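What follows is coords_9.txt (compact mmCIF, C-alpha atoms).
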# COMPACT_ATOMS: atom_id res chain seq x y z
CA MET A 1 83.43 120.15 118.51
CA SER A 2 82.87 121.97 115.24
CA GLY A 3 82.21 121.40 111.53
CA ALA A 4 80.74 118.14 110.24
CA ALA A 5 81.57 116.31 113.49
CA GLY A 6 79.57 118.83 115.52
CA ARG A 7 76.51 118.29 113.34
CA ALA A 8 76.68 114.46 113.28
CA PRO A 9 74.56 112.24 115.56
CA GLU A 10 76.50 110.87 118.54
CA ALA A 11 76.50 107.23 117.33
CA LEU A 12 77.95 108.14 113.94
CA ARG A 13 80.50 110.45 115.49
CA ALA A 14 81.65 107.61 117.76
CA LEU A 15 82.03 105.26 114.77
CA ALA A 16 84.01 107.87 112.86
CA ALA A 17 86.19 108.64 115.89
CA ALA A 18 86.99 104.94 116.23
CA ALA A 19 87.94 104.79 112.54
CA TRP A 20 90.28 107.79 112.90
CA ALA A 21 91.84 106.30 116.06
CA PHE A 22 92.43 103.05 114.17
CA ARG A 23 94.01 105.01 111.31
CA TRP A 24 96.31 106.75 113.85
CA GLN A 25 97.58 103.29 114.83
CA VAL A 26 97.90 102.19 111.18
CA GLU A 27 99.92 105.30 110.32
CA LEU A 28 102.30 104.90 113.26
CA GLU A 29 102.87 101.27 112.34
CA ALA A 30 103.53 102.37 108.76
CA GLU A 31 106.09 104.90 110.04
CA VAL A 32 108.05 102.07 111.66
CA ARG A 33 107.60 99.71 108.71
CA PHE A 34 108.86 102.26 106.18
CA ALA A 35 111.85 103.15 108.37
CA ARG A 36 112.79 99.46 108.54
CA LEU A 37 112.25 99.05 104.79
CA ALA A 38 114.45 102.08 104.10
CA GLU A 39 117.30 100.42 105.98
CA ARG A 40 116.77 97.09 104.28
CA LEU A 41 116.55 98.68 100.82
CA GLY A 42 119.72 100.61 101.58
CA ALA A 43 121.50 97.42 102.62
CA LEU A 44 120.42 95.63 99.43
CA GLY A 45 121.88 98.53 97.44
CA LEU A 46 119.82 97.87 94.33
CA ALA A 47 117.88 101.13 94.14
CA PRO A 48 119.18 103.84 96.51
CA GLN A 49 116.51 106.30 95.33
CA LEU A 50 113.81 103.94 96.56
CA ALA A 51 115.50 103.64 99.96
CA ALA A 52 115.37 107.45 100.18
CA LEU A 53 111.71 107.38 99.19
CA ALA A 54 110.98 104.86 101.96
CA ARG A 55 112.72 107.14 104.49
CA ARG A 56 110.56 110.03 103.35
CA ALA A 57 107.45 107.83 103.55
CA SER A 58 108.29 107.05 107.16
CA SER A 59 108.28 110.73 108.11
CA ASP A 60 105.10 111.29 106.06
CA GLU A 61 103.36 108.60 108.11
CA ARG A 62 104.29 110.29 111.39
CA ARG A 63 102.66 113.49 110.09
CA HIS A 64 99.61 111.51 108.96
CA ALA A 65 99.31 109.95 112.41
CA ALA A 66 99.18 113.44 113.93
CA HIS A 67 96.30 114.37 111.59
CA CYS A 68 94.45 111.16 112.48
CA ALA A 69 94.97 111.77 116.22
CA ARG A 70 93.67 115.33 115.89
CA LEU A 71 90.58 114.19 113.97
CA ALA A 72 89.86 111.34 116.41
CA ALA A 73 90.12 113.79 119.32
CA SER A 74 87.89 116.31 117.56
CA MET A 75 85.23 113.61 117.35
CA GLY A 76 85.50 112.81 121.05
CA ARG A 77 88.09 110.04 121.17
CA PRO A 78 91.63 111.11 122.05
CA VAL A 79 94.22 108.50 121.08
CA PRO A 80 96.39 106.86 123.76
CA ALA A 81 99.47 108.77 124.88
CA GLU A 82 101.72 105.83 124.04
CA ALA A 83 102.41 104.69 120.48
CA PRO A 84 101.34 101.15 119.55
CA PRO A 85 104.04 98.45 119.61
CA PRO A 86 106.08 98.16 116.39
CA PRO A 87 104.40 95.92 113.81
CA PRO A 88 105.87 92.44 113.34
CA PRO A 89 107.51 91.53 110.01
CA ILE A 90 104.89 90.07 107.68
CA ALA A 91 106.94 88.18 105.10
CA PRO A 92 106.70 84.40 105.37
CA SER A 93 109.67 82.75 107.01
CA GLY A 94 112.24 81.15 104.76
CA LEU A 95 112.42 83.87 102.12
CA GLU A 96 115.77 85.32 101.15
CA GLU A 97 116.19 88.94 102.31
CA GLU A 98 115.61 90.44 98.85
CA ASP A 99 112.39 88.46 98.43
CA ALA A 100 111.25 89.26 101.96
CA VAL A 101 111.65 92.98 101.16
CA THR A 102 109.68 92.44 97.93
CA TYR A 103 106.92 90.71 99.89
CA GLU A 104 106.71 93.47 102.47
CA LEU A 105 106.72 96.28 99.88
CA THR A 106 104.10 94.48 97.80
CA ALA A 107 101.83 94.02 100.82
CA ALA A 108 102.37 97.48 102.29
CA CYS A 109 102.54 99.58 99.12
CA CYS A 110 101.15 97.77 96.06
CA VAL A 111 98.16 96.46 98.02
CA THR A 112 97.47 98.57 101.10
CA GLU A 113 98.70 101.98 99.95
CA SER A 114 97.02 101.54 96.55
CA VAL A 115 93.71 100.78 98.25
CA SER A 116 94.27 103.77 100.55
CA VAL A 117 94.66 106.05 97.53
CA ALA A 118 91.32 104.76 96.20
CA VAL A 119 89.67 105.34 99.61
CA LEU A 120 91.08 108.85 99.94
CA THR A 121 90.09 109.70 96.37
CA ALA A 122 86.54 108.63 97.19
CA LEU A 123 86.44 110.60 100.44
CA LEU A 124 87.89 113.88 99.16
CA PRO A 125 84.88 115.22 97.26
CA VAL A 126 82.42 114.40 100.06
CA ALA A 127 84.39 115.58 103.12
CA GLY A 128 82.13 117.59 105.40
CA ASP A 129 84.39 120.55 106.17
CA ALA A 130 87.46 122.35 104.93
CA ALA A 131 89.82 121.11 107.68
CA LEU A 132 88.98 117.48 106.98
CA ARG A 133 89.26 118.05 103.24
CA ALA A 134 92.71 119.63 103.66
CA ALA A 135 93.94 116.67 105.75
CA LEU A 136 92.57 114.14 103.26
CA HIS A 137 94.19 116.01 100.39
CA GLU A 138 97.58 116.03 102.08
CA LEU A 139 97.33 112.33 102.90
CA ALA A 140 96.20 111.41 99.38
CA GLU A 141 99.18 113.14 97.78
CA ASP A 142 101.61 111.27 100.02
CA GLU A 143 99.90 107.90 99.66
CA VAL A 144 100.25 108.11 95.86
CA SER A 145 103.99 108.37 96.37
CA HIS A 146 103.99 105.47 98.87
CA ALA A 147 102.05 103.21 96.51
CA ARG A 148 104.43 104.09 93.68
CA LEU A 149 107.37 103.06 95.85
CA GLY A 150 105.96 99.54 95.94
CA TRP A 151 105.23 99.40 92.23
CA ALA A 152 108.70 100.77 91.48
CA TRP A 153 110.36 98.12 93.63
CA LEU A 154 108.22 95.43 92.05
CA ALA A 155 109.50 96.58 88.64
CA VAL A 156 113.06 96.23 89.96
CA ALA A 157 112.29 92.75 91.31
CA SER A 158 110.60 91.81 88.05
CA ALA A 159 113.62 92.91 86.01
CA ARG A 160 115.68 90.60 88.24
CA GLY A 161 113.24 87.71 87.71
CA ARG A 162 112.27 87.63 91.38
CA THR A 163 108.52 88.18 91.58
CA ALA A 164 106.94 84.81 90.69
CA PHE A 165 107.39 83.55 94.27
CA LEU A 166 104.67 85.99 95.40
CA ALA A 167 101.85 84.09 93.65
CA PRO A 168 101.04 81.48 96.33
CA HIS A 169 101.28 84.10 99.07
CA LEU A 170 98.63 86.44 97.65
CA PRO A 171 95.68 84.98 99.62
CA ALA A 172 97.49 85.50 102.95
CA MET A 173 98.62 88.96 101.88
CA LEU A 174 95.12 90.03 100.83
CA GLY A 175 93.46 88.37 103.82
CA GLY A 176 95.75 90.35 106.10
CA ALA A 177 94.98 93.59 104.30
CA ALA A 178 91.19 93.31 104.34
CA ASP A 179 89.19 94.65 107.25
CA ASP A 180 88.06 91.60 109.28
CA GLN A 181 84.39 92.29 108.61
CA LEU A 182 84.77 93.62 105.08
CA PHE A 183 82.79 90.83 103.46
CA GLU A 184 80.25 90.36 106.26
CA PRO A 185 76.99 92.17 106.98
CA VAL A 186 77.49 94.90 109.58
CA GLU A 187 75.24 96.98 111.84
CA ALA A 188 73.11 99.53 109.99
CA ALA A 189 74.99 102.52 111.41
CA ARG A 190 78.16 101.41 109.61
CA GLU A 191 76.36 101.69 106.29
CA ASP A 192 75.11 105.22 106.96
CA PRO A 193 76.09 107.58 104.10
CA ALA A 194 76.40 110.38 106.67
CA LEU A 195 79.74 108.79 107.67
CA LEU A 196 81.23 110.13 104.43
CA ALA A 197 81.15 113.71 105.71
CA LEU A 198 83.26 112.54 108.68
CA GLY A 199 85.88 110.97 106.43
CA VAL A 200 84.71 107.37 106.74
CA LEU A 201 83.35 105.08 104.03
CA PRO A 202 80.16 103.12 104.66
CA GLN A 203 81.09 99.41 104.74
CA ALA A 204 79.49 98.52 101.38
CA VAL A 205 81.33 101.36 99.65
CA LYS A 206 84.58 100.32 101.31
CA ARG A 207 84.04 96.73 100.15
CA GLU A 208 83.30 97.80 96.58
CA LEU A 209 86.39 100.01 96.46
CA PHE A 210 88.59 97.23 97.82
CA VAL A 211 87.28 94.79 95.20
CA ARG A 212 87.59 97.29 92.35
CA SER A 213 91.09 98.28 93.40
CA LEU A 214 92.12 94.63 93.31
CA ASP A 215 90.39 93.89 90.01
CA GLU A 216 91.35 97.06 88.16
CA VAL A 217 94.65 98.17 89.68
CA ILE A 218 96.42 95.63 91.87
CA PHE A 219 95.91 92.35 89.98
CA PRO A 220 96.76 93.90 86.57
CA GLY A 221 99.79 95.61 88.14
CA LEU A 222 101.02 92.36 89.68
CA GLU A 223 100.48 90.47 86.43
CA GLY A 224 102.48 93.12 84.59
CA ALA A 225 105.32 92.40 87.00
CA GLY A 226 105.20 88.66 86.31
CA VAL A 227 103.10 87.52 89.28
CA ASP A 228 100.44 84.89 88.62
CA THR A 229 97.34 86.28 90.36
CA GLY A 230 95.25 83.09 90.09
CA ALA A 231 95.40 82.33 93.82
CA GLY A 232 94.66 85.95 94.68
CA ARG A 233 91.71 86.11 92.32
CA ALA A 234 90.37 82.81 93.72
CA TRP A 235 90.66 84.26 97.25
CA LEU A 236 88.63 87.30 96.17
CA ALA A 237 86.02 85.19 94.36
CA ALA A 238 85.54 83.06 97.50
CA ARG A 239 85.04 86.18 99.65
CA ARG A 240 82.45 87.55 97.22
CA ALA A 241 80.51 84.29 96.87
CA MET B 1 76.91 104.38 96.38
CA SER B 2 76.69 107.95 95.27
CA LYS B 3 78.42 108.79 92.05
CA SER B 4 80.93 111.09 93.74
CA THR B 5 82.42 108.27 95.85
CA LYS B 6 83.46 106.24 92.81
CA PRO B 7 87.00 107.20 91.87
CA ASN B 8 88.24 106.43 88.38
CA VAL B 9 90.07 103.23 89.28
CA SER B 10 91.56 102.77 85.82
CA LYS B 11 93.10 106.20 86.15
CA LEU B 12 94.58 105.06 89.46
CA LEU B 13 96.16 102.13 87.64
CA ARG B 14 97.96 104.56 85.37
CA VAL B 15 98.92 106.94 88.15
CA LEU B 16 100.17 104.31 90.61
CA VAL B 17 101.44 101.33 88.65
CA ALA B 18 102.73 103.14 85.56
CA GLY B 19 104.09 105.91 87.78
CA GLY B 20 105.92 103.32 89.86
CA VAL B 21 107.38 101.61 86.81
CA SER B 22 108.74 104.89 85.45
CA LEU B 23 110.11 105.68 88.91
CA ALA B 24 111.94 102.34 88.82
CA GLY B 25 113.36 103.30 85.43
CA ALA B 26 114.66 106.52 86.92
CA ALA B 27 116.05 104.54 89.87
CA GLY B 28 118.22 102.38 87.63
CA VAL B 29 116.30 99.29 86.49
CA ALA B 30 117.27 100.07 82.90
CA GLY B 31 120.90 100.18 84.04
CA VAL B 32 120.60 96.67 85.49
CA ALA B 33 119.27 95.38 82.18
CA ARG B 34 122.03 97.08 80.21
CA ALA B 35 124.74 95.58 82.41
CA GLU B 36 123.39 92.09 81.84
CA ASP B 37 123.12 92.61 78.10
CA LYS B 38 126.76 93.59 77.57
CA PRO B 39 128.47 91.24 75.03
CA ALA B 40 131.41 89.18 76.29
CA ALA B 41 134.92 90.14 75.13
CA GLU B 42 136.90 87.92 72.69
CA LYS B 43 138.52 84.93 74.47
CA THR B 44 141.57 82.72 73.84
CA GLU B 45 141.25 78.89 73.37
CA GLN B 46 142.71 78.35 76.86
CA GLN B 47 140.19 80.71 78.37
CA LYS B 48 137.39 78.98 76.47
CA ALA B 49 138.43 75.55 77.87
CA ALA B 50 138.64 76.97 81.38
CA ASP B 51 135.25 78.57 80.90
CA ALA B 52 133.72 75.29 79.73
CA ALA B 53 135.02 73.47 82.82
CA LYS B 54 133.76 76.24 85.02
CA GLU B 55 130.39 76.17 83.28
CA GLN B 56 130.08 72.44 83.98
CA GLN B 57 130.93 73.04 87.62
CA ASP B 58 128.51 75.96 87.80
CA ALA B 59 125.75 73.89 86.19
CA LYS B 60 126.11 71.23 88.89
CA ALA B 61 126.13 73.86 91.61
CA LYS B 62 123.10 75.53 90.04
CA GLU B 63 121.22 72.20 89.94
CA LYS B 64 121.97 71.69 93.61
CA ALA B 65 121.00 75.24 94.50
CA LYS B 66 117.82 74.92 92.44
CA ALA B 67 116.79 71.77 94.28
CA GLU B 68 117.54 73.42 97.61
CA LYS B 69 115.64 76.54 96.58
CA ALA B 70 112.63 74.47 95.48
CA LYS B 71 112.58 72.84 98.91
CA LYS B 72 112.94 76.22 100.58
CA ASP B 73 110.22 77.78 98.41
CA ALA B 74 107.83 74.96 99.22
CA LYS B 75 108.49 75.50 102.93
CA ALA B 76 108.11 79.26 102.50
CA ALA B 77 104.79 78.80 100.72
CA GLU B 78 103.62 76.74 103.65
CA ALA B 79 104.62 79.38 106.20
CA ALA B 80 101.84 81.88 105.75
CA GLY B 81 102.80 85.50 105.39
CA GLY B 82 100.56 88.35 106.40
CA GLY B 83 99.12 91.55 105.09
CA VAL B 84 99.06 95.18 106.13
CA LYS B 85 95.85 96.71 107.40
CA GLY B 86 95.07 100.11 105.96
CA TRP B 87 92.25 102.58 105.51
Represent the supplied structure as structure tokens.
Amino acid sequence: MSGAAGRAPEALRALAAAAWAFRWQVELEAEVRFARLAERLGALGLAPQLAALARRASSDERRHAAHCARLAASMGRPVPAEAPPPPPPIAPSGLEEEDAVTYELTAACCVTESVSVAVLTALLPVAGDAALRAALHELAEDEVSHARLGWAWLAVASARGRTAFLAPHLPAMLGGAADDQLFEPVEAAREDPALLALGVLPQAVKRELFVRSLDEVIFPGLEGAGVDTGAGRAWLAARRA
Amino acid sequence: MSKSTKPNVSKLLRVLVAGGVSLAGAAGVAGVARAEDKPAAEKTEQQKAADAAKEQQDAKAKEKAKAEKAKKDAKAAEAAGGGVKGW
């Protein structure tokens, strides 16, 4: 064990290793999700360039998963040999295919990938060693492109007058994106600023970034695409109360 | 939170959302709008009458579809969707 991980106390290293192992799973699920979205976008035939972008995103995610696995292992927690099961579709039942694709891209890209860009941007300047910094930099560049894919598709859907249906679904979409304990007090170790050097945000910082990303990027972006964010904003206000 | 862990979120808005919108433009959204905006060609009286009848038929079908869609949307809103966990 070398670099920042080698210098960190055991408890913090274990927390960081768990975070990187979780990210490995998230990235592999994203690989499958983007591959499926590429096929569905291709079948819809509305924006072939975006289907190609989704295909590229899928292979990016596989590469990201390898970085996450390597970092988790370097902190003492090798990931399982087998990949996690493919993620289930997340769009509510009853939507037409085009709207279901819009839902999934909004959730995966406009929300989750946009928040990921904010997280990576926060982690980059405080990464504890060069190898970690290089991995974070590579991931950040790709995640910008993945988030843009969602915003681009939302612009397509908006031009076709098919975004308003998202409004009542925002609470479920945001609830599913947020870490289960994001708005709850957590053990002191999870607030330790020393986690930053290992590529992990202390919980309060993570919460603040999530909230600011919603307030300053995601809600304005959705509104610009014709989505009423009232229900989403109410969901956020209730979490913060 | 230390100052260095606060990214410029407004800048992210420009980079992500505005970048996505211009990407959509490059991917053909503008083309969709142009196709819809094309003016109709000149029509004969016969064509106009046929069009009017078709319009009436379409309006009824649209009403029906709208009612069905409203029902479907209400059901869809009830069936909770999910979100995607990330970093």
Worksheet entry | Distance of atom CA of Ser116 of chain A from atom CA of Ala73 of chain A, expressed in Å to one decimal place | 21.7 Å
Discussion item. I need the residue nearest Glu104 of chain A from this list: B:Val21, B:Ala53, B:Val84, B:Leu16. Use all atoms listed in the file for the distance.
Written reply: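 When distances to Glu104 of chain A are compared using all atoms listed in the file, the smallest one comes from B:Val84.
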Can you build me a table of chain B residues sitting at most 6 Å from chain A, with the closest atom pair per residue and its distance in Å to one decimal, using only C-alpha atoms, sorted by chain and residue number, as a Markdown table?
| residue | atom | partner | partner_atom | distance |
| --- | --- | --- | --- | --- |
| B:Thr5 | CA | A:Ala122 | CA | 4.3 |
| B:Lys6 | CA | A:Ala122 | CA | 5.9 |
| B:Pro7 | CA | A:Ala122 | CA | 5.5 |
| B:Leu13 | CA | A:Val217 | CA | 4.7 |
| B:Leu16 | CA | A:Arg148 | CA | 5.3 |
| B:Val17 | CA | A:Trp151 | CA | 5.6 |
| B:Gly20 | CA | A:Ala152 | CA | 4.1 |
| B:Val21 | CA | A:Ala152 | CA | 4.9 |
| B:Leu23 | CA | A:Ala152 | CA | 5.7 |
| B:Ala24 | CA | A:Ala152 | CA | 4.5 |
| B:Ala27 | CA | A:Gln49 | CA | 5.8 |
| B:Val29 | CA | A:Val156 | CA | 5.6 |
| B:Ala76 | CA | A:Gly94 | CA | 5.1 |
| B:Ala79 | CA | A:Pro92 | CA | 5.5 |
| B:Ala80 | CA | A:Pro92 | CA | 5.5 |
| B:Gly81 | CA | A:Pro92 | CA | 4.1 |
| B:Gly82 | CA | A:Ile90 | CA | 4.8 |
| B:Gly83 | CA | A:Gly176 | CA | 3.7 |
| B:Val84 | CA | A:Ala177 | CA | 4.7 |
| B:Lys85 | CA | A:Ala177 | CA | 4.5 |
| B:Gly86 | CA | A:Thr112 | CA | 5.6 |
| B:Trp87 | CA | A:Ser116 | CA | 5.5 |
Item to complete: Name the residues in contact with Val32 of chain A at a cut-off of 9 Å, using only C-alpha atoms, excluding same-chain residues fewer than 3 positions from it; report them as a PyMOL selection string.
Response: chain A and resi 27-29+35-37+58+61+86-87
Export of prior selection with C-alpha atoms as a compact mmCIF listing (two decimals), in the coordinates of the input:
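Written output follows (part.txt):
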# COMPACT_ATOMS: atom_id res chain seq x y z
CA GLU A 27 99.92 105.30 110.32
CA LEU A 28 102.30 104.90 113.26
CA GLU A 29 102.87 101.27 112.34
CA ALA A 35 111.85 103.15 108.37
CA ARG A 36 112.79 99.46 108.54
CA LEU A 37 112.25 99.05 104.79
CA SER A 58 108.29 107.05 107.16
CA GLU A 61 103.36 108.60 108.11
CA PRO A 86 106.08 98.16 116.39
CA PRO A 87 104.40 95.92 113.81
Worksheet item: So how far away is atom CA of Arg14 of chain B from atom CA of Ala140 of chain A, in Å?
Response: 15.7 Å
Take every atom of segment 146-160 of chain A listed in the file, pad by 5 Å on each side, and give me the axis-aligned box centre and edge lengths in Å, one decimal, as AutoDock Vina command-line options.
--center_x 108.9 --center_y 98.0 --center_z 92.4 --size_x 23.6 --size_y 24.9 --size_z 22.9
Discussion item. Between atom CA of Thr102 of chain A and atom CA of Ala21 of chain A, what distance in Å does the model show, to one decimal?
Written reply: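 Calculated distance between atom CA of Thr102 of chain A and atom CA of Ala21 of chain A is 29.0 Å.
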Worksheet item: Taking all atoms listed in the file into account, which of A:Arg33, A:Gln203, A:Arg239, A:Glu39 comes nearest Pro85 of chain A?
Response: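 Using all atoms listed in the file, the shortest distance to Pro85 of chain A belongs to A:Arg33.
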